[in-house]
Amino acid sequence: MTNFPISETELVAVAVGQADQVRGRTSPNPWVGAALACKSGQVFVGATEPPPGRHAEVVAIEAAVQAGVDTTGATLATTLEPCNHQGRTGPCSMAIISAAISRVIVGLEDPDPLVAGSGIERLQSQGVEVTQAGAEDRARIADQLAPYLHHRRTGRPWVVLKLAATLDGGTAAPDRTSQWITGPEARLDVHRLRAQSDAILVGAGTVRDDDPSLTVRLPAGDPLAGNDPQRVVLGTAPPAARVHPCIEEAGPLEEVLERLAAKGVIQLMVEGGATTAAAFHQAGLVDQYVFYLAPAMFGGADHRGLFDGAGAPTITDLWRGEITSVTNVGADLRIDLAPRAGSSAHDLPGPQPVLLSKLNPLTNLLQGDES
């Protein structure tokens, strides 16, 4: 709770900050933040709780009620359209109406077919004024919620391909040794990326060669400590492999992704070797590339590279993306790269609820807990 004058822009910024704090802990629901400015001048905040907990709007409203503050005529900012259906919890739209809130600032409309504008319509039908956040705030929220929006629009998870290499593109020595190319700070950053993902995928070859556990190892007290993703293996994992229990998958990657999405996987982190990385890249199924580059070089041509197989046959066929951020992580460099618009095999122009309707397990999952 805060108690100071606040503008609508600041109110939205508070809601966005609340959502940032719970990313990686709300799936299959979106990580949403809310901020409630009451006429008393007090501001109460909320963020989506892990299922089957409360949604952000309800957390903020109940915080005000518990403090004995009247919510009549209040303004609520929320990063995503309030839900309007009964799941594990009641509709947020009804909670807002019951609290006599007079104005709601919505960051983005929810593309989930269970919501898709119905929350806004319910509020407006009951006399609640609904406005959109500003363009810059909407862009920031769209970036913040990109994996969720992609999942609901395409019926596939947001795919993050993590790669670590030397400056000359090496991922392993000729004798196949590869630990450790990057330093401890970069490895810690990878574990946070894992913890923000719902599942982590590797190929069976990586399991046989490295026997990874694919768990999250973060310091005690880190908000994401112990937030282990589901483990997925392309192929069959040896019975004694540390990756068990895991999901074993096979078949076309597009179908693998659809099956994982139906299980509630919103963000999938791909950490497999050069063969798996090449398969996702060449199929145009990567939504975010995360490169960790170490200030080291193999200095020859016999090291193992980032991708297996044939690459671009000529310079005009180079794949080109857009660098979205460059960050120093200890002695290493993290480079985030996005495909250029239209370069992804499943880059769709807008909400595609028909895709979700084909995924009955996902529909059942969403009806069990609202978006």
# chains A, B, ... in the order shown; residues from 1 in each chain; ligands from 1
>>> select_by_dssp(residues="segment 143-354 of chain A", states="strand (DSSP E or B)", output="PyMOL selection string")
chain A and resi 158-166+172+199-203+230-234+247-249+267-270+288-294+304+321-329+332-339
>>> select_by_dssp(residues="segment 73-195 of chain A", states="helix (DSSP H, G or I)", output="PyMOL selection string")
chain A and resi 92-98+118-125+135-144+146-154+184-195
>>> residues_around(residues="Tyr148 of chain A", least_positions_apart="3", cutoff="12 Å", atoms="only C-alpha atoms", output="ChimeraX atom specification")
/A:23-24,26-32,80,108,110-112,141-145,151-159,197-198,261,264-268,351,371
>>> residues_around(residues="Lys162 of chain A", least_positions_apart="6", cutoff="10 Å", atoms="only C-alpha atoms", output="ChimeraX atom specification")
/A:190,193-194,269-273,277,288-292,336
>>> residues_around(residues="Thr236 of chain A", least_positions_apart="4", cutoff="12 Å", atoms="only C-alpha atoms", output="count of residues only")
18
